[in-house]
Number of protein chains: 2
Amino acid sequence: MDGGKAIVYREKNNITKDIANGTAVNIVAMVFGNMGDDSATGVVFTRNGHNGKKEMEGEYLINAQGEDVVAGVRTGKSIELLKKDMPKLYKELSIACKKLEKHFKEPQDIEFTIEQGKFYLLQTRTAKMSAGALVKTSVDMVREKLIDKNRALTRIPAQQLEALLHRTMDESKIKDFKQLAKGIAASPGAASGIVVFDVNKAIELGNTGKKIILVRKETKPEDVPAFFSSEGILTSLGGKSSHAAIVSRGMGKPCIVGCPELKIDYDKNIGMANGMTIKEGDTITIDGSEGTVFIGQIPTIEPKVTKDFEQILDWSQKIKTLGIRANADTPDGAVLARKFGAKGIGLCRTERMFNGSDRINLFVEMIMAENIEERSKILKKLGQLQKSDFIEILKAMEGYEVTIRLLDPPLHEFLPNPEELVEKIQKLKAIGSANEADQAEIVLKRAKELAEINPMMGHRGVRVGITYPEIYEMQIRAVFEALVELTKKKVKAHPQIMIPQISSIAELNHIKKTYDIIKKETEKKHKMKLKINFGTMIEVVRAALTAEELASTAEFFSFGTNDLTQGTFSFSREDVEGKFLPEYMEKELLERNPFQSIDVTGVGSLIKMGIAAGRGVRPNMEVGICGEHGGDPSSIKFCHGEGLTYVSASPHRIPIAIVAAAQAAIEQPKKVRKSRK
Amino acid sequence: MDGGKAIVYREKNNITKDIANGTAVNIVAMVFGNMGDDSATGVVFTRNGHNGKKEMEGEYLINAQGEDVVAGVRTGKSIELLKKDMPKLYKELSIACKKLEKHFKEPQDIEFTIEQGKFYLLQTRTAKMSAGALVKTSVDMVREKLIDKNRALTRIPAQQLEALLHRTMDESKIKDFKQLAKGIAASPGAASGIVVFDVNKAIELGNTGKKIILVRKETKPEDVPAFFSSEGILTSLGGKSSHAAIVSRGMGKPCIVGCPELKIDYDKNIGMANGMTIKEGDTITIDGSEGTVFIGQIPTIEPKVTKDFEQILDWSQKIKTLGIRANADTPDGAVLARKFGAKGIGLCRTERMFNGSDRINLFVEMIMAENIEERSKILKKLGQLQKSDFIEILKAMEGYEVTIRLLDPPLHEFLPNPEELVEKIQKLKAIGSANEADQAEIVLKRAKELAEINPMMGHRGVRVGITYPEIYEMQIRAVFEALVELTKKKVKAHPQIMIPQISSIAELNHIKKTYDIIKKETEKKHKMKLKINFGTMIEVVRAALTAEELASTAEFFSFGTNDLTQGTFSFSREDVEGKFLPEYMEKELLERNPFQSIDVTGVGSLIKMGIAAGRGVRPNMEVGICGEHGGDPSSIKFCHGEGLTYVSASPHRIPIAIVAAAQAAIEQPKKVRKSRK
């Protein structure tokens, strides 16, 4: 069969051409539901597809053919009414439902026809259900002893659980609203609020309790305080790994990026798309799961972590062998991650800590410092702030590993972009603020000096750690000092220090020397032994290729699969997702977006090499991944299969990761997980 | 010994700390050259160190100590005069020289002392010689049967031959001139000319016969016509792989890039560095081998390819087994490469062909085209131009393979940068040219649309070939049409089509389909069978990792080691060379610049994987490299060792590559080279 509907069905269900080049047709005898009032036809779910309740759900039509019900030509009657219309046949239907469920061990979606009083089953198949219904029916069917726990877990597509963890738009209301634009769904969940283009205005209004949607061309670290004040974020530029996308996902705030039809004019404080205009103060609703932006306030529905869902998570925790840690950068994030079931933090990005409004200016001052003395003075203040953050995060994760990654991004990311500065300077000059204009000129000069042609592959990570040694010194010291303080208070803290962008053992050993000196100094000063594991990211291709060398110094590895995917494909995520990647998917040149699901052939082979080489040197080495793939079910299966110690995911994806890890353990039970302990 | 001189010596000779942590001291009995007029001391080269002539060269002092000669405290007498001063001792010295040469089989650098009529030899060592002297003495010593041809070739550091292939500054005159600045030596050779900042002015003045040095912040493809009109190029920005650097090297024009002390003001038509100012029309001299810029015209010395050098190249050609091809993009380049000994073109960059002043505008029009019809019309014209270029290049390389790489760079590289456009628009508006300003606004909009955050990993190469299929179609057709024309004229042309930036077999097969269709069409139209090999670059890490799959379609591989090095290290060459790489070298975090010499551990392991996988599928597969490493002697040794079919280098580095390949064959004679034939 190759009709339009068949093709769409195959596409939607990812039945690609290598699996099937058509859909088969079976020919059977016809029965008629339209042979009078003793005939009928209907569809029924053996359990409720929306909420999972154990009740038949469906509709039927007297004297009608199946297509009439399915196509909705006539409005069907609720199946409950059949009890009165045709009591005997209703009973036959009920018995059939039970029998089929017992046989298939799944709620069924049934089509039936009654021909002159005789009941015929036309078709039965596993019922398609909402995430909530899947969870409830899983738990119920275990209680009914229809299925076991393994089956209960594996029948739930882990990805679908996302819907249970975020606020959603009330679908029944959407039709009353106008869609303004559609962008890339960057962080799930729905949110309504008033449009604000200016970052400071967003903070100011947010503080008065107003619900804000921050609308920008793009965002930078200095804008992060405004994220805290906003319900959701919408940017016209960027891809799934743009600053706005990653920060929003980390905070669990809805976010849409890469919305090219939306033209923003900061001067006029307006945005335009598809002939409509939004201005500051207008209410919009964004759905970060769909990428859709609507004008007006669409009612939203709160997520519920039901008792049944908790039961599923509890079973999963007991079955899974892969560790689940969180990507969390703030004490709040750590608390949330632990609540969601994370056992440790696999990635604590220290640069995110500079995002608070109390410290971003200090950080900018540090970058602007003209000499090392001035810089060191500011770094001391920043060190104090980092130390207190580390203390709170380590406390929240007491008993578990917290892997702290030293500064990663290029420095210029912390300065405003040159184009914006030029504009600002012109405005300052126009209003006669010569002094401020001069100040801005200095920032512009520095921003231009630091700007790079390909910043993703530029002066960042350990490269900055080597050329500005005082930054990593400050960070390493802050970790040690935090551990001292917690040890004195008998808190069981397990910080680990991780170096980003390592491409060679020489770089790693260079930083290790600094680490050793600071360790010795701190131990001497406080008269105590301090154990902080020292490890490396494997996110540069060369690190995977030279993992054996790296393992001589690194006590643990963590694969940064975002960057590793970029390096392996030479795809800049920020650029390709908005440009050729959609066309690649359409033309079937890529099966999946490699930034969402690990490319097993390419990136996967580097991960395999890295694990084998690392564990060749340190047999029980802790090896994890901390890219965003850590929250993707199929990547989690890969990680389980390869014997990784853990995956690290955004707090809001922890439950998904837990279920996916349990599923992997059920599917591939024999893999023995290497663990550091 | 750890004195300042010892340390500098070790550093200069690359004696790193893992080789020696000091310099040993031998203690011997003292003889005295200062015991009267029957005593003397001197130094002598057994052959002339500058030109290699078979004559003693050196100086001596009567009644003096060795240090007096070496330190230049007193001016020595030419060694010839010793014949008259002390005939017997002169004879003894001559005999010693001959004996030592015979023993060491190398010209010697000797220190001697005469103590009261008795001749003492203090020290002898291999004489340090200029490239020219090395060449001449090699040939002479073979004729004298002192050494064999293998020894004659291996004693010449291939890298040093560069000095024989480019014009140099007259060193004796340099001291009379002021050095303006120092940048990155991007393309060797010395050149003098008048400073011109404006590209059009450079073309205009160049056409009148004026010698020009083009001075820019950076250059773009549209500036290339000005390269042809200039003696040399100087840019204040960019690294060794910046546009200016690569184009200059290809043309063999001296070039200096990344000269941050030089501040250029296009508006005022001046440049400033170290307190000095150059304005349009001032004469400067640049030395692209050293990176130095001088004010004024320093006399330069022409390179000579002597008979002896030709002899060395001839011996090398016979001994080497590795193929040497050229990176050449124009008919002139092909002719030059063949003259220098290249047997084929390993990399013909089709985008360079758009650089001519007659076609760059057409190309920009093509990018700006708003629909496929308009674009196709322009592509047809471009196709005619490409076809005629292909014909000329294939003719120049008759009998040898010419590997034509389809369009690689991102499209926005062909548009002016947005900042410059904004400036231009403002100026146009100021002078009331509203129409032209509007035109420029359209270009600006398109330039912004195409701009990328990390263009090196963005929408380029095969990705553009897939999203704008009409471009590759035009190029493939032009190659086929050129082959048809040449076949009709009985010219033995061997074009090969190569696809850049391939990361998966799906991409390669997608383009192969187009190739197959065009091949079939052309064969049918002209009623002849046409053989054009279809292959892929291996420059994306994933291509190396999936080489086995690629080899099912690709008939040949060519490693693009520039890009492969970038992907393996996550180092953007344009950014890192000016930023942290120098510090990395200083801190010994990298032994060598991986962009100059192949990183054997990382990039090398990917090359090995790629070769093994490719030849596993096609045992005699042609495998080459076409990155700039193709001209680097130590990389050439690696390539020989790994059994590559050929290396491809810039025309001006072909002789170096030939000698290096011969050296590799002598050092590792047993490797059997796989060849397609």
# chains A, B, ... in the order shown; residues from 1 in each chain; ligands from 1
$ residues_around --residues "A:Tyr90" --least-positions-apart "6" --cutoff "9 Å" --atoms "only C-alpha atoms" --output "list in words"
Ile79, Glu80, Leu82, Lys83 and Lys84 of chain A
$ interface_residues --of "chain A" --to "chain B" --cutoff "9 Å" --atoms "only C-alpha atoms" --output "PyMOL selection string"
chain A and resi 419+452-459+463-464+466-467+501-507+510+540-543+545-546+563+566-576+579-580+583-584+588-590+601-603+605-606
$ atom_distance --atom1 "atom CA of B:Glu441" --atom2 "atom CA of B:Lys429"
11.0 Å
$ residues_around --residues "stretch 189-197 of chain A" --least-positions-apart "5" --cutoff "8 Å" --atoms "only C-alpha atoms" --output "ChimeraX atom specification"
/A:166-169,202,210-216,231-232,253-255,266,269-270,278-289,296-298,300
$ residues_around --residues "stretch 478-481 of chain B" --least-positions-apart "5" --cutoff "12 Å" --atoms "only C-alpha atoms" --output "ChimeraX atom specification"
/B:348,350,379-394,402-406,471-473,486-488,493-498,515-523,525-526,528-534
$ select_by_dssp --residues "stretch 537-615 of chain B" --states "alpha helix (DSSP H)" --output "PyMOL selection string"
chain B and resi 541-545+547-550+561-569+573-576+581-586+603-615
$ write_last_selection --atoms "N, CA and C atoms" --output "short mmCIF file (atom, residue, chain, number, x, y, z; two decimals), in the first residue's frame"
data_model
loop_
_atom_site.label_atom_id
_atom_site.label_comp_id
_atom_site.auth_asym_id
_atom_site.auth_seq_id
_atom_site.Cartn_x
_atom_site.Cartn_y
_atom_site.Cartn_z
N VAL B 541 36.76 14.02 10.86
CA VAL B 541 37.16 12.87 11.68
C VAL B 541 36.27 11.66 11.38
N ARG B 542 34.98 11.92 11.24
CA ARG B 542 34.07 10.80 11.05
C ARG B 542 34.33 10.05 9.74
N ALA B 543 34.88 10.76 8.76
CA ALA B 543 35.21 10.10 7.50
C ALA B 543 36.32 9.08 7.74
N ALA B 544 37.31 9.44 8.55
CA ALA B 544 38.39 8.49 8.85
C ALA B 544 37.83 7.29 9.61
N LEU B 545 36.88 7.57 10.52
CA LEU B 545 36.32 6.50 11.35
C LEU B 545 35.42 5.56 10.52
N ALA B 547 35.81 5.00 7.14
CA ALA B 547 36.48 4.88 5.84
C ALA B 547 36.09 3.60 5.12
N GLU B 548 35.82 2.56 5.89
CA GLU B 548 35.47 1.28 5.25
C GLU B 548 34.17 1.46 4.43
N GLU B 549 33.19 2.10 5.04
CA GLU B 549 31.94 2.37 4.33
C GLU B 549 32.20 3.25 3.11
N LEU B 550 32.99 4.30 3.31
CA LEU B 550 33.23 5.25 2.22
C LEU B 550 33.90 4.57 1.03
N THR B 561 44.67 17.11 5.54
CA THR B 561 45.24 17.11 6.90
C THR B 561 45.09 18.46 7.61
N ASN B 562 44.85 19.54 6.89
CA ASN B 562 44.59 20.81 7.59
C ASN B 562 43.32 20.69 8.41
N ASP B 563 42.23 20.34 7.74
CA ASP B 563 40.95 20.23 8.43
C ASP B 563 40.95 19.08 9.42
N LEU B 564 41.60 17.99 9.06
CA LEU B 564 41.63 16.84 9.95
C LEU B 564 42.34 17.19 11.26
N THR B 565 43.37 18.01 11.15
CA THR B 565 44.08 18.45 12.35
C THR B 565 43.18 19.35 13.19
N GLN B 566 42.44 20.22 12.52
CA GLN B 566 41.51 21.08 13.26
C GLN B 566 40.47 20.26 14.01
N GLY B 567 39.90 19.28 13.33
CA GLY B 567 38.86 18.46 13.95
C GLY B 567 39.41 17.59 15.07
N THR B 568 40.63 17.11 14.89
CA THR B 568 41.21 16.20 15.88
C THR B 568 41.57 16.94 17.17
N PHE B 569 42.11 18.14 17.03
CA PHE B 569 42.50 18.93 18.20
C PHE B 569 41.39 19.86 18.69
N ARG B 573 42.58 26.79 13.31
CA ARG B 573 43.91 27.29 12.98
C ARG B 573 43.97 28.81 12.95
N GLU B 574 42.94 29.41 12.36
CA GLU B 574 42.93 30.87 12.22
C GLU B 574 43.00 31.56 13.58
N ASP B 575 42.44 30.89 14.59
CA ASP B 575 42.39 31.53 15.90
C ASP B 575 43.59 31.17 16.77
N VAL B 576 43.98 29.90 16.76
CA VAL B 576 44.95 29.46 17.76
C VAL B 576 46.37 29.88 17.45
N LEU B 581 48.88 29.11 20.72
CA LEU B 581 49.85 28.14 20.22
C LEU B 581 51.31 28.54 20.53
N PRO B 582 51.66 29.82 20.34
CA PRO B 582 53.05 30.19 20.69
C PRO B 582 53.38 29.86 22.16
N GLU B 583 52.41 30.12 23.04
CA GLU B 583 52.65 29.84 24.46
C GLU B 583 52.76 28.33 24.70
N TYR B 584 51.98 27.57 23.95
CA TYR B 584 52.06 26.11 24.07
C TYR B 584 53.45 25.60 23.67
N MET B 585 54.01 26.20 22.61
CA MET B 585 55.33 25.77 22.15
C MET B 585 56.37 26.12 23.21
N GLU B 586 56.24 27.33 23.73
CA GLU B 586 57.17 27.82 24.72
C GLU B 586 57.17 26.93 25.97
N VAL B 603 46.36 12.71 14.80
CA VAL B 603 45.93 12.75 13.40
C VAL B 603 46.48 11.53 12.66
N GLY B 604 47.73 11.18 12.96
CA GLY B 604 48.36 10.03 12.32
C GLY B 604 47.58 8.75 12.54
N SER B 605 47.02 8.59 13.74
CA SER B 605 46.30 7.34 13.99
C SER B 605 45.01 7.29 13.17
N LEU B 606 44.41 8.46 12.94
CA LEU B 606 43.22 8.49 12.07
C LEU B 606 43.60 8.16 10.63
N ILE B 607 44.75 8.67 10.20
CA ILE B 607 45.20 8.38 8.83
C ILE B 607 45.44 6.88 8.68
N LYS B 608 46.09 6.29 9.68
CA LYS B 608 46.34 4.84 9.62
C LYS B 608 45.03 4.06 9.53
N MET B 609 44.09 4.43 10.38
CA MET B 609 42.78 3.77 10.35
C MET B 609 42.16 3.89 8.97
N GLY B 610 42.21 5.10 8.42
CA GLY B 610 41.58 5.36 7.12
C GLY B 610 42.21 4.53 6.01
N ILE B 611 43.54 4.46 6.01
CA ILE B 611 44.23 3.70 4.97
C ILE B 611 43.88 2.22 5.09
N ALA B 612 43.97 1.70 6.31
CA ALA B 612 43.72 0.28 6.52
C ALA B 612 42.29 -0.08 6.09
N ALA B 613 41.34 0.77 6.48
CA ALA B 613 39.94 0.48 6.16
C ALA B 613 39.71 0.58 4.65
N GLY B 614 40.26 1.63 4.04
CA GLY B 614 40.05 1.85 2.61
C GLY B 614 40.66 0.71 1.79
N ARG B 615 41.90 0.36 2.09
CA ARG B 615 42.58 -0.70 1.31
C ARG B 615 42.09 -2.08 1.68
#
$ residues_around --residues "stretch 303-310 of chain A" --least-positions-apart "6" --cutoff "7 Å" --atoms "only C-alpha atoms" --output "PyMOL selection string"
chain A and resi 135-136+139+164-167
